[in-house]
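J.: This structure is in C-alpha cells; I'll ask about it shortly.
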2 protein chains.
Amino acid sequence: MTATSRNECAALDAADPLSGLRTEFVLPEGVIYLDGNSLGALPRRTLDRVHRLIEHEWGQRLIRSWNEAGWWDLPTVLGDRLAPLLGASPGEVVVCDSTSVNIFKTLAAALRMRPGRRAVVAESGSFPTDLYITEGLAGTLDGVERRLVADARELPGVLDDEVAVVLLNHVDYRTGRLQDMAAVTDLVHRHGALVIWDLCHSAGALPVELNACGVDFAVGCGYKYLNAGPGSPAFVFCAARHIGSVRQPLSGWWGHAEPFAFEPGYAPDPGIRRFLTGSQPVVGGAALAASLEVWERVDMAALRTKSLALTDLFMRRAEELGLETLTPREPERRGSQVALRVRDGDPGDGYAIVQALIDRGVIGDFRAPDVMRFGFTPLYLRYVDVWDATEALADILRTGAWRDGKYAVRNAVT
Amino acid sequence: MTATSRNECAALDAADPLSGLRTEFVLPEGVIYLDGNSLGALPRRTLDRVHRLIEHEWGQRLIRSWNEAGWWDLPTVLGDRLAPLLGASPGEVVVCDSTSVNIFKTLAAALRMRPGRRAVVAESGSFPTDLYITEGLAGTLDGVERRLVADARELPGVLDDEVAVVLLNHVDYRTGRLQDMAAVTDLVHRHGALVIWDLCHSAGALPVELNACGVDFAVGCGYKYLNAGPGSPAFVFCAARHIGSVRQPLSGWWGHAEPFAFEPGYAPDPGIRRFLTGSQPVVGGAALAASLEVWERVDMAALRTKSLALTDLFMRRAEELGLETLTPREPERRGSQVALRVRDGDPGDGYAIVQALIDRGVIGDFRAPDVMRFGFTPLYLRYVDVWDATEALADILRTGAWRDGKYAVRNAVT
C-alpha cells in the first residue's frame, strides 16, 4: 500500500482530496517543510487579513474597532470556530494567552474543584513547560504535591483519592506517540480526578474528540498545525458542564461579567470568557482568523488518512536506511510526526544530520538529546515531498555529508 | 501663557520641537484623536515592519527565523529598548504577556520575597484589573490578606509588618492624577514592603524614573501611549538588585535557563527572562519594535512640557464651558489625560456628550459612572487640535445636540 517510487507518490498526489489546499499556503521555493509541527506555514490569506486589520481597523477606525470590528469578541469568536477541530461545542473554547499560562489557569481551576485533594499528576516525558508550570504551581500553592509518571500507562500506580487533576500530552512532542484520550480520561475519572489534555501536537494534526471522550479541560497553541503564526494566541477548552462553577486564579478584567462597569469586585463572565485575563493580542488573533478560514474546507477524516499515509511512507523509507524509528507504527498510536534516531550513534549525530538536511532544503528539527523530528502537515505536503525528503536523507547518509564539521555546531533551534 | 485663540495655538505648533513626529503616524482625515490613552495611533512604519515579518520572516524563512530574525530574543531586546522610557537599565525590562498576567507574576514574586508577611495592598480606585488580580491571587494562595486603600494617601494607615507588597497606579486611569512615585515608594520601603507600579497610563505619557525612585517592580502595556497596537504585549520591570533571587509562579519554558535542553526540572534564566512564561507574540512584538523606533527620536522633557501645555489648554477651555475638571491642575500631579464631568448632571450625560463629540470626529471616551476622558499624545496632537476639540465641545453644549436620543444608547467602549 505504501508507495515504492516517486511515480507512485505522484499518482497518490493526483488522487489526493486535499491537494487543492496546498495553494492556500506560501511555500518557499526549494524547501520541503517538515517542521509544521513547530511553526506552521503561512496561509496566503493571512497577509491580507493582517494588512487590513492594521491599515483600516487600527489605522483608520482606531478605538472604534473594539466594537465595530469585533476585536473584543475575538477570543470567543475564534474559540467557536476552533471548536469543531477539537470535538468541542460552541461556548467551550476561548482563544487567549499562551499554552503555559493556560495550563496554570486550568490546573488551579481543577484543584479548586476537588477541595479535599492536593496532588497534581504530570508526565515526566511531557513537553517541559507542562512540568515547569506544575512545578511553579506546587511551589506557590500550599500543600500541593506533584506526582510524575513516565506516561499515562503508569497512571494506575499513582491515582488515589488525593489526586485532583492529571495533565497529559495528547501527542508526545518528541516521539509523536498518540495517547488513547477516551481510555485515559475514563481511567482518571474513575479515580475521581479531573483531566487536562495538552493538544499542542494534536490540534489540527488529527481529529480530536474532546466531548466524545468526556474531557474536562484542554489547552493548546495556534502556531503549529493550525498555522496561525509565531507566538499566535493559544486556547483553553472547558467542558460545558464545568463552566458555570469553575474559577481560575488569573481573574483579570477581560474575564469579568461586566468589564466596562469598572466595578471594584470580580464577578466572572457566565461563560468561557472567564478564562480570559488581560487584553488579548488582536493582530495575532486576526492571523488565526485567517488560518481558520482555510480549516473550514478541511475534511478531518481525509486529513487523518493522508497524515498516516505520509508518516508511514517516511518511516518505512527511514527504516530502509537503517535509522531507528521512535514513533509507533500502529496508526492509532501515532500523531502526525515522526521521530528518528541514529542506531548506536553519538547524541550529536542526529543534530548534524538535521542540519545537513536543512542545507538541502529539507527542514526538520532536532530535540535533545538525540531525536530527529519531522512533522507532516497534510494541508500543504505532497507524497512526492516525502519521497524527495527521504532521497535527500539517503544521500546524506550514503555520502557521509553530515559528518562535515560545519554541521556539528549546536545552535538553539525551536 | 495658555493660548486664547486658534491663531495662538497655530503659533505654538509652529514652535513645537516635537512637530516633526506627527508625520510618523497615520491619522484619519477629519478626526481629532483624544483616545491615545486607550489605543495609540498607528505609526506609519508599523505596517511595513509587520508585512516584512509575515511575508519574509514567517513565509519564506519559516522556523529558521526564531534564530535568524531574533524572534527568540525579542522579549529582552524590546525590553532594553523600552528601558530608557521608564528610567530603567538594560536587563531590567522584558516585554511579555498582558499587564494583568504580569501583575499576578510580580505580586506572587513579591510575596515570596517577604516570607513572614501575607498582606497585599491595592487601591480601590485603581484600574479594576489590578483589583481583580489581587482578588484572584488572594483566593488562590493560602492566608493572603488583601487590604484596600482609596489611594496612596491612605497608605500610612495600613502599612504594618504584615504587608508584603503594595500595588499602585502611577496615573489614575480615570482622573489622570499622577502619584509621587519617589515619595510613595520610599514610604512603602520604610515599612519593609515592596512596591509594584502599574505604568499603563504613564509609560510613554511622561518621563518615568523607576530606578531613581528605587522601585522594585513595575508593569504596563504597549497599546496606549506607546502606540504598539491593539492587544500589544505588555512589560515587566524588575530592579536589578532583585532579579537574581526572584521567583515567579508562571514558570514556563521561555523563562528557563536552558529552554532547549528540554530538562524536566525548572531552572530560571539568570536574568529578566525568568519573568517569561510561554511563547510570546512575535507579530505584536514586531509592531512594538516599529513604534519604539519612533520613540528613539523623542526628547522626554519636551514631551512632558507639551503634554502639560495641551492638557492645561483643554482644562481651561472646559472650565470656561462650565464643566467640572476631575484632573489635578498642579502639573506635578497630572498625567497626560483629562477627566471632565457634567456639573450636577445625570450619570448618562457624560456618555451622551462623548458620543456627540465622536460624531463630530473628536474621539474621547467615557468611563463609568460619569467620567468623560480625553488623552493627549504629544507625538501626534497639535495645539490647534485641542483648540478645535474644545470648539466642538462648546458647540455641542451650546446647542444641546448631545440631548439627541441617539446618543443615549450605551455600548461597550474600551
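Residue numbering restarts at 1 for every chain of the C-alpha cells, chains are lettered A, B, ... in their displayed order, and ligands are numbered from 1 as they appear.
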Counting only C-alpha atoms, which residues of chain A fall within 7 Å of chain B, and what is the closest atom pair for each with its distance in Å at one decimal, ordered by chain and rising number, as a Markdown table?

T.:
```
| residue | atom | partner | partner_atom | distance |
| --- | --- | --- | --- | --- |
| A:Val26 | CA | B:Gly59 | CA | 6.0 |
| A:Pro28 | CA | B:Gln60 | CA | 5.3 |
| A:Leu39 | CA | B:Ile63 | CA | 5.9 |
| A:Ala41 | CA | B:Gly59 | CA | 6.5 |
| A:Leu42 | CA | B:Gly59 | CA | 5.2 |
| A:Leu47 | CA | B:Ile54 | CA | 6.7 |
| A:Ile54 | CA | B:Leu47 | CA | 6.7 |
| A:Trp58 | CA | B:Leu42 | CA | 6.7 |
| A:Gly59 | CA | B:Leu42 | CA | 5.2 |
| A:Gln60 | CA | B:Pro28 | CA | 5.2 |
| A:Leu62 | CA | B:Ala41 | CA | 6.8 |
| A:Ile63 | CA | B:Leu39 | CA | 5.9 |
| A:Trp66 | CA | B:Thr414 | CA | 6.9 |
| A:Asp97 | CA | B:Asp97 | CA | 6.9 |
| A:Ser98 | CA | B:Gly278 | CA | 5.5 |
| A:Thr99 | CA | B:Gly278 | CA | 6.5 |
| A:Ser100 | CA | B:Gly278 | CA | 5.0 |
| A:Val101 | CA | B:Leu250 | CA | 6.7 |
| A:Ser124 | CA | B:Pro264 | CA | 6.5 |
| A:Pro128 | CA | B:Pro264 | CA | 5.7 |
| A:Thr129 | CA | B:Trp253 | CA | 4.7 |
| A:Leu131 | CA | B:Pro264 | CA | 6.5 |
| A:Tyr132 | CA | B:Tyr266 | CA | 5.3 |
| A:Ile133 | CA | B:Ser251 | CA | 5.5 |
| A:Gly136 | CA | B:Pro249 | CA | 4.6 |
| A:Leu137 | CA | B:Pro249 | CA | 6.0 |
| A:Thr140 | CA | B:Pro249 | CA | 6.1 |
| A:Leu141 | CA | B:Leu141 | CA | 5.6 |
| A:Asp142 | CA | B:Asp142 | CA | 6.5 |
| A:Pro230 | CA | B:Val282 | CA | 5.6 |
| A:Gly231 | CA | B:Pro281 | CA | 4.0 |
| A:Ser232 | CA | B:Pro281 | CA | 5.8 |
| A:Pro249 | CA | B:Gly136 | CA | 4.6 |
| A:Leu250 | CA | B:Gly136 | CA | 6.0 |
| A:Ser251 | CA | B:Gly136 | CA | 5.5 |
| A:Gly252 | CA | B:Thr129 | CA | 5.0 |
| A:Trp253 | CA | B:Thr129 | CA | 4.7 |
| A:Phe260 | CA | B:Ala412 | CA | 6.4 |
| A:Ala261 | CA | B:Ala368 | CA | 6.0 |
| A:Phe262 | CA | B:Pro128 | CA | 5.9 |
| A:Glu263 | CA | B:Pro128 | CA | 6.6 |
| A:Pro264 | CA | B:Pro128 | CA | 5.7 |
| A:Gly265 | CA | B:Tyr132 | CA | 6.6 |
| A:Tyr266 | CA | B:Tyr132 | CA | 5.3 |
| A:Thr277 | CA | B:Ser100 | CA | 6.3 |
| A:Gly278 | CA | B:Ser100 | CA | 5.0 |
| A:Ser279 | CA | B:Gly231 | CA | 5.3 |
| A:Gln280 | CA | B:Gly231 | CA | 4.9 |
| A:Pro281 | CA | B:Gly231 | CA | 4.0 |
| A:Val282 | CA | B:Gly231 | CA | 5.4 |
| A:Val283 | CA | B:Gly284 | CA | 6.5 |
| A:Gly284 | CA | B:Val283 | CA | 6.5 |
| A:Ala368 | CA | B:Ala261 | CA | 6.0 |
| A:Ala412 | CA | B:Phe260 | CA | 6.4 |
| A:Thr414 | CA | B:Trp66 | CA | 6.8 |
```

J.: Just asking: which residues within range 126-166 of chain A are alpha helix (DSSP H) according to DSSP, as a ChimeraX atom specification?

T.: /A:128-140

J.: Pick out each residue of range 164-260 of chain B that DSSP on the backbone tags as strand (DSSP E); I need them as number ranges by chain.

T.: B: 164-169, 194-198, 217-220, 235-238

J.: Considering only C-alpha atoms, return as an mmCIF file with all heavy atoms, in the first residue's frame whatever protein or nucleic-acid residues lie within 9 Å of range 305-315 of chain A, sequence-local ones (same chain, fewer than 2 positions apart) excluded.

T.:
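Writing the result to around.cif gives the following:
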```
data_model
loop_
_atom_site.group_PDB
_atom_site.id
_atom_site.type_symbol
_atom_site.label_atom_id
_atom_site.label_comp_id
_atom_site.auth_asym_id
_atom_site.auth_seq_id
_atom_site.Cartn_x
_atom_site.Cartn_y
_atom_site.Cartn_z
ATOM 1 N N THR A 2 2.046 1.187 0.672
ATOM 2 C CA THR A 2 2.954 2.331 0.683
ATOM 3 C C THR A 2 3.652 2.443 -0.670
ATOM 4 O O THR A 2 4.057 1.438 -1.252
ATOM 5 C CB THR A 2 4.013 2.134 1.775
ATOM 6 O OG1 THR A 2 3.341 1.892 2.999
ATOM 7 C CG2 THR A 2 4.873 3.369 1.914
ATOM 8 N N ALA A 3 3.792 3.693 -1.110
ATOM 9 C CA ALA A 3 4.426 3.917 -2.413
ATOM 10 C C ALA A 3 5.876 3.439 -2.398
ATOM 11 O O ALA A 3 6.565 3.563 -1.390
ATOM 12 C CB ALA A 3 4.365 5.402 -2.751
ATOM 13 N N THR A 4 6.326 2.894 -3.495
ATOM 14 C CA THR A 4 7.711 2.417 -3.581
ATOM 15 C C THR A 4 8.503 3.157 -4.649
ATOM 16 O O THR A 4 9.615 2.770 -4.984
ATOM 17 C CB THR A 4 7.748 0.899 -3.875
ATOM 18 O OG1 THR A 4 7.008 0.668 -5.074
ATOM 19 C CG2 THR A 4 7.144 0.099 -2.733
ATOM 20 N N ASP A 16 -5.255 12.840 -4.392
ATOM 21 C CA ASP A 16 -5.413 13.353 -3.023
ATOM 22 C C ASP A 16 -6.572 14.355 -2.918
ATOM 23 O O ASP A 16 -6.530 15.413 -3.550
ATOM 24 C CB ASP A 16 -4.091 14.023 -2.611
ATOM 25 C CG ASP A 16 -4.160 14.725 -1.259
ATOM 26 O OD1 ASP A 16 -5.130 14.501 -0.502
ATOM 27 O OD2 ASP A 16 -3.235 15.500 -0.971
ATOM 28 N N LEU A 18 -7.167 16.383 -0.664
ATOM 29 C CA LEU A 18 -6.739 17.628 -0.005
ATOM 30 C C LEU A 18 -5.772 18.449 -0.866
ATOM 31 O O LEU A 18 -5.303 19.498 -0.436
ATOM 32 C CB LEU A 18 -6.049 17.301 1.327
ATOM 33 C CG LEU A 18 -6.887 16.570 2.387
ATOM 34 C CD1 LEU A 18 -6.016 16.216 3.595
ATOM 35 C CD2 LEU A 18 -8.064 17.426 2.833
ATOM 36 N N ALA A 205 -3.708 18.366 13.724
ATOM 37 C CA ALA A 205 -2.891 17.264 13.205
ATOM 38 C C ALA A 205 -3.733 16.023 12.966
ATOM 39 O O ALA A 205 -3.395 15.178 12.135
ATOM 40 C CB ALA A 205 -1.768 16.926 14.181
ATOM 41 N N LEU A 206 -4.843 15.929 13.699
ATOM 42 C CA LEU A 206 -5.714 14.750 13.606
ATOM 43 C C LEU A 206 -7.050 15.116 14.246
ATOM 44 O O LEU A 206 -7.152 16.115 14.963
ATOM 45 C CB LEU A 206 -5.060 13.559 14.329
ATOM 46 C CG LEU A 206 -4.483 13.811 15.725
ATOM 47 C CD1 LEU A 206 -5.473 13.435 16.816
ATOM 48 C CD2 LEU A 206 -3.206 12.996 15.890
ATOM 49 N N MET A 300 -11.698 16.349 8.156
ATOM 50 C CA MET A 300 -10.732 15.832 9.125
ATOM 51 C C MET A 300 -10.441 14.341 8.919
ATOM 52 O O MET A 300 -9.347 13.874 9.250
ATOM 53 C CB MET A 300 -11.223 16.081 10.555
ATOM 54 C CG MET A 300 -11.254 17.550 10.956
ATOM 55 S SD MET A 300 -9.653 18.405 10.789
ATOM 56 C CE MET A 300 -8.788 17.815 12.260
ATOM 57 N N ALA A 301 -11.406 13.591 8.399
ATOM 58 C CA ALA A 301 -11.147 12.169 8.144
ATOM 59 C C ALA A 301 -10.123 12.026 7.016
ATOM 60 O O ALA A 301 -9.188 11.213 7.093
ATOM 61 C CB ALA A 301 -12.452 11.453 7.797
ATOM 62 N N ALA A 302 -10.296 12.845 5.982
ATOM 63 C CA ALA A 302 -9.334 12.804 4.873
ATOM 64 C C ALA A 302 -7.951 13.259 5.352
ATOM 65 O O ALA A 302 -6.920 12.712 4.940
ATOM 66 C CB ALA A 302 -9.819 13.691 3.725
ATOM 67 N N LEU A 303 -7.944 14.250 6.226
ATOM 68 C CA LEU A 303 -6.680 14.742 6.795
ATOM 69 C C LEU A 303 -5.950 13.614 7.524
ATOM 70 O O LEU A 303 -4.749 13.397 7.343
ATOM 71 C CB LEU A 303 -6.963 15.879 7.777
ATOM 72 C CG LEU A 303 -5.752 16.476 8.498
ATOM 73 C CD1 LEU A 303 -5.268 17.724 7.776
ATOM 74 C CD2 LEU A 303 -6.080 16.811 9.952
ATOM 75 N N ARG A 317 10.698 4.285 4.705
ATOM 76 C CA ARG A 317 11.917 4.668 3.984
ATOM 77 C C ARG A 317 13.074 4.888 4.959
ATOM 78 O O ARG A 317 14.201 4.471 4.699
ATOM 79 C CB ARG A 317 11.652 5.935 3.160
ATOM 80 C CG ARG A 317 10.570 5.757 2.078
ATOM 81 C CD ARG A 317 11.164 5.372 0.743
ATOM 82 N NE ARG A 317 11.985 6.452 0.225
ATOM 83 C CZ ARG A 317 12.930 6.292 -0.691
ATOM 84 N NH1 ARG A 317 13.183 5.076 -1.186
ATOM 85 N NH2 ARG A 317 13.629 7.322 -1.115
ATOM 86 N N ALA A 318 12.798 5.517 6.095
ATOM 87 C CA ALA A 318 13.862 5.772 7.084
ATOM 88 C C ALA A 318 14.401 4.459 7.635
ATOM 89 O O ALA A 318 15.604 4.302 7.858
ATOM 90 C CB ALA A 318 13.327 6.652 8.215
ATOM 91 N N GLU A 319 13.500 3.512 7.845
ATOM 92 C CA GLU A 319 13.942 2.208 8.354
ATOM 93 C C GLU A 319 14.792 1.477 7.317
ATOM 94 O O GLU A 319 15.778 0.827 7.660
ATOM 95 C CB GLU A 319 12.724 1.374 8.766
ATOM 96 C CG GLU A 319 12.211 1.813 10.137
ATOM 97 C CD GLU A 319 10.806 1.315 10.437
ATOM 98 O OE1 GLU A 319 10.290 0.474 9.660
ATOM 99 O OE2 GLU A 319 10.228 1.782 11.438
ATOM 100 N N GLU A 320 14.408 1.607 6.050
ATOM 101 C CA GLU A 320 15.224 1.022 4.987
ATOM 102 C C GLU A 320 16.637 1.592 4.994
ATOM 103 O O GLU A 320 17.591 0.940 4.593
ATOM 104 C CB GLU A 320 14.577 1.273 3.614
ATOM 105 C CG GLU A 320 13.344 0.402 3.338
ATOM 106 C CD GLU A 320 12.539 0.908 2.144
ATOM 107 O OE1 GLU A 320 13.081 1.713 1.353
ATOM 108 O OE2 GLU A 320 11.363 0.510 2.010
ATOM 109 N N THR A 325 13.277 4.128 14.309
ATOM 110 C CA THR A 325 12.050 4.912 14.409
ATOM 111 C C THR A 325 11.540 4.876 15.837
ATOM 112 O O THR A 325 11.343 3.795 16.395
ATOM 113 C CB THR A 325 10.969 4.314 13.482
ATOM 114 O OG1 THR A 325 11.505 4.238 12.169
ATOM 115 C CG2 THR A 325 9.736 5.193 13.468
ATOM 116 N N THR A 327 8.739 6.472 16.679
ATOM 117 C CA THR A 327 7.300 6.717 16.568
ATOM 118 C C THR A 327 6.570 5.389 16.393
ATOM 119 O O THR A 327 7.025 4.548 15.612
ATOM 120 C CB THR A 327 7.047 7.627 15.349
ATOM 121 O OG1 THR A 327 7.839 8.803 15.512
ATOM 122 C CG2 THR A 327 5.579 7.991 15.216
ATOM 123 N N ARG A 329 4.379 2.416 15.116
ATOM 124 C CA ARG A 329 3.937 2.028 13.768
ATOM 125 C C ARG A 329 2.414 1.911 13.720
ATOM 126 O O ARG A 329 1.812 2.128 12.672
ATOM 127 C CB ARG A 329 4.550 0.675 13.381
ATOM 128 C CG ARG A 329 6.054 0.709 13.250
ATOM 129 C CD ARG A 329 6.529 0.179 11.897
ATOM 130 N NE ARG A 329 5.684 0.607 10.823
ATOM 131 C CZ ARG A 329 6.081 1.331 9.777
ATOM 132 N NH1 ARG A 329 7.330 1.734 9.675
ATOM 133 N NH2 ARG A 329 5.251 1.660 8.830
ATOM 134 N N PRO A 331 -1.178 2.824 13.593
ATOM 135 C CA PRO A 331 -1.798 4.119 13.257
ATOM 136 C C PRO A 331 -2.530 4.736 14.439
ATOM 137 O O PRO A 331 -2.463 5.952 14.638
ATOM 138 C CB PRO A 331 -2.781 3.754 12.138
ATOM 139 C CG PRO A 331 -2.299 2.467 11.587
ATOM 140 C CD PRO A 331 -1.585 1.751 12.683
ATOM 141 N N ARG A 334 -0.302 6.941 16.713
ATOM 142 C CA ARG A 334 0.633 7.859 16.055
ATOM 143 C C ARG A 334 -0.022 9.203 15.763
ATOM 144 O O ARG A 334 -1.143 9.250 15.267
ATOM 145 C CB ARG A 334 1.112 7.222 14.748
ATOM 146 C CG ARG A 334 2.265 7.907 14.098
ATOM 147 C CD ARG A 334 2.932 6.974 13.102
ATOM 148 N NE ARG A 334 2.259 6.949 11.809
ATOM 149 C CZ ARG A 334 1.878 5.847 11.160
ATOM 150 N NH1 ARG A 334 2.053 4.650 11.683
ATOM 151 N NH2 ARG A 334 1.305 5.935 9.981
ATOM 152 N N GLY A 335 0.681 10.269 16.054
ATOM 153 C CA GLY A 335 0.227 11.603 15.657
ATOM 154 C C GLY A 335 0.601 11.873 14.215
ATOM 155 O O GLY A 335 0.549 10.958 13.377
ATOM 156 N N SER A 336 0.999 13.111 13.905
ATOM 157 C CA SER A 336 1.352 13.440 12.522
ATOM 158 C C SER A 336 2.813 13.843 12.411
ATOM 159 O O SER A 336 3.176 14.703 11.635
ATOM 160 C CB SER A 336 0.434 14.563 12.004
ATOM 161 O OG SER A 336 0.481 14.606 10.593
ATOM 162 N N GLN A 337 3.651 13.192 13.203
ATOM 163 C CA GLN A 337 5.074 13.497 13.180
ATOM 164 C C GLN A 337 5.858 12.213 13.397
ATOM 165 O O GLN A 337 5.326 11.227 13.905
ATOM 166 C CB GLN A 337 5.414 14.518 14.255
ATOM 167 C CG GLN A 337 5.130 14.038 15.669
ATOM 168 C CD GLN A 337 5.192 15.181 16.678
ATOM 169 O OE1 GLN A 337 4.371 16.096 16.645
ATOM 170 N NE2 GLN A 337 6.174 15.126 17.553
ATOM 171 N N VAL A 338 7.109 12.256 12.996
ATOM 172 C CA VAL A 338 7.964 11.072 13.070
ATOM 173 C C VAL A 338 9.280 11.449 13.741
ATOM 174 O O VAL A 338 9.880 12.479 13.418
ATOM 175 C CB VAL A 338 8.238 10.510 11.654
ATOM 176 C CG1 VAL A 338 9.323 9.421 11.700
ATOM 177 C CG2 VAL A 338 6.953 9.950 11.047
ATOM 178 N N ALA A 339 9.718 10.590 14.658
ATOM 179 C CA ALA A 339 10.997 10.793 15.334
ATOM 180 C C ALA A 339 11.956 9.679 14.937
ATOM 181 O O ALA A 339 11.592 8.505 14.981
ATOM 182 C CB ALA A 339 10.796 10.779 16.844
ATOM 183 N N LEU A 340 13.147 10.059 14.559
ATOM 184 C CA LEU A 340 14.164 9.091 14.160
ATOM 185 C C LEU A 340 15.400 9.254 15.044
ATOM 186 O O LEU A 340 15.632 10.318 15.614
ATOM 187 C CB LEU A 340 14.582 9.338 12.703
ATOM 188 C CG LEU A 340 13.485 9.306 11.645
ATOM 189 C CD1 LEU A 340 14.080 9.657 10.284
ATOM 190 C CD2 LEU A 340 12.800 7.938 11.608
ATOM 191 N N GLY A 375 7.722 16.799 11.050
ATOM 192 C CA GLY A 375 6.271 16.940 11.101
ATOM 193 C C GLY A 375 5.674 16.873 9.701
ATOM 194 O O GLY A 375 6.299 17.303 8.724
ATOM 195 N N PHE A 376 4.462 16.353 9.638
ATOM 196 C CA PHE A 376 3.820 16.148 8.335
ATOM 197 C C PHE A 376 2.454 16.810 8.345
ATOM 198 O O PHE A 376 1.534 16.357 9.024
ATOM 199 C CB PHE A 376 3.738 14.648 8.030
ATOM 200 C CG PHE A 376 5.102 14.046 7.901
ATOM 201 C CD1 PHE A 376 5.818 13.642 9.026
ATOM 202 C CD2 PHE A 376 5.716 13.963 6.663
ATOM 203 C CE1 PHE A 376 7.113 13.147 8.924
ATOM 204 C CE2 PHE A 376 7.008 13.465 6.533
ATOM 205 C CZ PHE A 376 7.710 13.049 7.670
ATOM 206 N N THR A 377 2.354 17.891 7.596
ATOM 207 C CA THR A 377 1.134 18.674 7.562
ATOM 208 C C THR A 377 0.386 18.353 6.274
ATOM 209 O O THR A 377 0.799 18.804 5.203
ATOM 210 C CB THR A 377 1.483 20.170 7.623
ATOM 211 O OG1 THR A 377 2.249 20.410 8.795
ATOM 212 C CG2 THR A 377 0.227 21.003 7.679
ATOM 213 N N PRO A 378 -0.702 17.595 6.371
ATOM 214 C CA PRO A 378 -1.386 17.146 5.144
ATOM 215 C C PRO A 378 -1.969 18.287 4.311
ATOM 216 O O PRO A 378 -2.254 18.091 3.135
ATOM 217 C CB PRO A 378 -2.509 16.250 5.687
ATOM 218 C CG PRO A 378 -2.053 15.825 7.043
ATOM 219 C CD PRO A 378 -1.286 17.001 7.568
ATOM 220 N N LEU A 381 1.628 19.395 2.376
ATOM 221 C CA LEU A 381 2.680 18.452 1.981
ATOM 222 C C LEU A 381 2.148 17.448 0.971
ATOM 223 O O LEU A 381 1.033 16.952 1.112
ATOM 224 C CB LEU A 381 3.206 17.691 3.188
ATOM 225 C CG LEU A 381 4.378 18.270 3.957
ATOM 226 C CD1 LEU A 381 4.827 17.256 5.003
ATOM 227 C CD2 LEU A 381 5.547 18.637 3.046
ATOM 228 N N ARG A 382 3.002 17.139 -0.013
ATOM 229 C CA ARG A 382 2.631 16.130 -1.013
ATOM 230 C C ARG A 382 3.399 14.828 -0.737
ATOM 231 O O ARG A 382 4.441 14.838 -0.080
ATOM 232 C CB ARG A 382 2.998 16.635 -2.407
ATOM 233 C CG ARG A 382 2.252 17.885 -2.828
ATOM 234 C CD ARG A 382 2.855 18.486 -4.084
ATOM 235 N NE ARG A 382 4.275 18.833 -3.865
ATOM 236 C CZ ARG A 382 4.976 19.636 -4.653
ATOM 237 N NH1 ARG A 382 4.405 20.184 -5.730
ATOM 238 N NH2 ARG A 382 6.233 19.891 -4.395
ATOM 239 N N TYR A 383 2.890 13.767 -1.300
ATOM 240 C CA TYR A 383 3.620 12.491 -1.205
ATOM 241 C C TYR A 383 5.003 12.614 -1.849
ATOM 242 O O TYR A 383 5.987 12.080 -1.333
ATOM 243 C CB TYR A 383 2.814 11.372 -1.872
ATOM 244 C CG TYR A 383 1.557 11.000 -1.102
ATOM 245 C CD1 TYR A 383 0.343 11.664 -1.350
ATOM 246 C CD2 TYR A 383 1.570 9.988 -0.150
ATOM 247 C CE1 TYR A 383 -0.806 11.333 -0.649
ATOM 248 C CE2 TYR A 383 0.408 9.647 0.552
ATOM 249 C CZ TYR A 383 -0.769 10.326 0.300
ATOM 250 O OH TYR A 383 -1.903 9.996 0.993
ATOM 251 N N VAL A 386 7.542 13.983 0.494
ATOM 252 C CA VAL A 386 8.049 12.999 1.454
ATOM 253 C C VAL A 386 9.081 12.113 0.775
ATOM 254 O O VAL A 386 10.146 11.819 1.338
ATOM 255 C CB VAL A 386 6.894 12.169 2.040
ATOM 256 C CG1 VAL A 386 7.419 11.090 2.979
ATOM 257 C CG2 VAL A 386 5.907 13.087 2.776
ATOM 258 N N TRP A 387 8.762 11.711 -0.436
ATOM 259 C CA TRP A 387 9.722 10.896 -1.184
ATOM 260 C C TRP A 387 11.047 11.626 -1.366
ATOM 261 O O TRP A 387 12.126 11.106 -1.056
ATOM 262 C CB TRP A 387 9.136 10.523 -2.571
ATOM 263 C CG TRP A 387 10.042 9.596 -3.316
ATOM 264 C CD1 TRP A 387 11.035 9.948 -4.184
ATOM 265 C CD2 TRP A 387 10.083 8.168 -3.199
ATOM 266 N NE1 TRP A 387 11.688 8.841 -4.632
ATOM 267 C CE2 TRP A 387 11.124 7.732 -4.043
ATOM 268 C CE3 TRP A 387 9.336 7.238 -2.477
ATOM 269 C CZ2 TRP A 387 11.430 6.372 -4.180
ATOM 270 C CZ3 TRP A 387 9.654 5.897 -2.622
ATOM 271 C CH2 TRP A 387 10.690 5.467 -3.456
ATOM 272 N N ALA A 389 12.259 14.052 0.311
ATOM 273 C CA ALA A 389 12.939 14.258 1.595
ATOM 274 C C ALA A 389 13.738 13.017 1.975
ATOM 275 O O ALA A 389 14.882 13.110 2.442
ATOM 276 C CB ALA A 389 11.924 14.579 2.687
ATOM 277 N N THR A 390 13.148 11.844 1.746
ATOM 278 C CA THR A 390 13.872 10.615 2.106
ATOM 279 C C THR A 390 15.028 10.360 1.140
ATOM 280 O O THR A 390 16.037 9.774 1.542
ATOM 281 C CB THR A 390 12.925 9.391 2.145
ATOM 282 O OG1 THR A 390 12.312 9.227 0.870
ATOM 283 C CG2 THR A 390 11.854 9.565 3.215
#
```

J.: Write out as a tab-separated table (two decimals) with all heavy atoms, in the first residue's frame the residues lying within 7 Å of Asn37 in chain B, counting only C-alpha atoms and excluding same-chain residues fewer than 4 positions away.

T.:
```
chain	number	residue	atom	x	y	z
B	201	HIS	N	-0.84	53.98	32.32
B	201	HIS	CA	-1.21	55.33	31.88
B	201	HIS	C	-0.08	56.35	32.06
B	201	HIS	O	-0.33	57.55	31.98
B	201	HIS	CB	-2.49	55.78	32.60
B	201	HIS	CG	-3.66	54.94	32.20
B	201	HIS	ND1	-3.98	53.77	32.85
B	201	HIS	CD2	-4.56	55.07	31.20
B	201	HIS	CE1	-5.03	53.22	32.26
B	201	HIS	NE2	-5.41	53.99	31.27
B	224	LYS	N	-1.19	51.77	24.64
B	224	LYS	CA	-1.70	53.12	24.90
B	224	LYS	C	-0.70	54.14	24.34
B	224	LYS	O	-0.57	54.27	23.13
B	224	LYS	CB	-1.95	53.28	26.40
B	224	LYS	CG	-3.06	52.35	26.91
B	224	LYS	CD	-3.24	52.48	28.41
B	224	LYS	CE	-4.23	51.46	28.95
B	224	LYS	NZ	-5.63	51.77	28.61
B	225	TYR	N	-0.02	54.86	25.20
B	225	TYR	CA	0.88	55.92	24.73
B	225	TYR	C	2.08	55.38	23.94
B	225	TYR	O	2.75	56.13	23.26
B	225	TYR	CB	1.38	56.74	25.92
B	225	TYR	CG	0.31	57.54	26.59
B	225	TYR	CD1	-0.38	57.04	27.71
B	225	TYR	CD2	-0.04	58.81	26.14
B	225	TYR	CE1	-1.37	57.78	28.34
B	225	TYR	CE2	-1.02	59.55	26.77
B	225	TYR	CZ	-1.69	59.04	27.87
B	225	TYR	OH	-2.67	59.77	28.49
B	375	GLY	N	-7.44	61.80	26.21
B	375	GLY	CA	-6.00	61.60	26.30
B	375	GLY	C	-5.26	62.51	25.33
B	375	GLY	O	-5.77	62.81	24.23
```
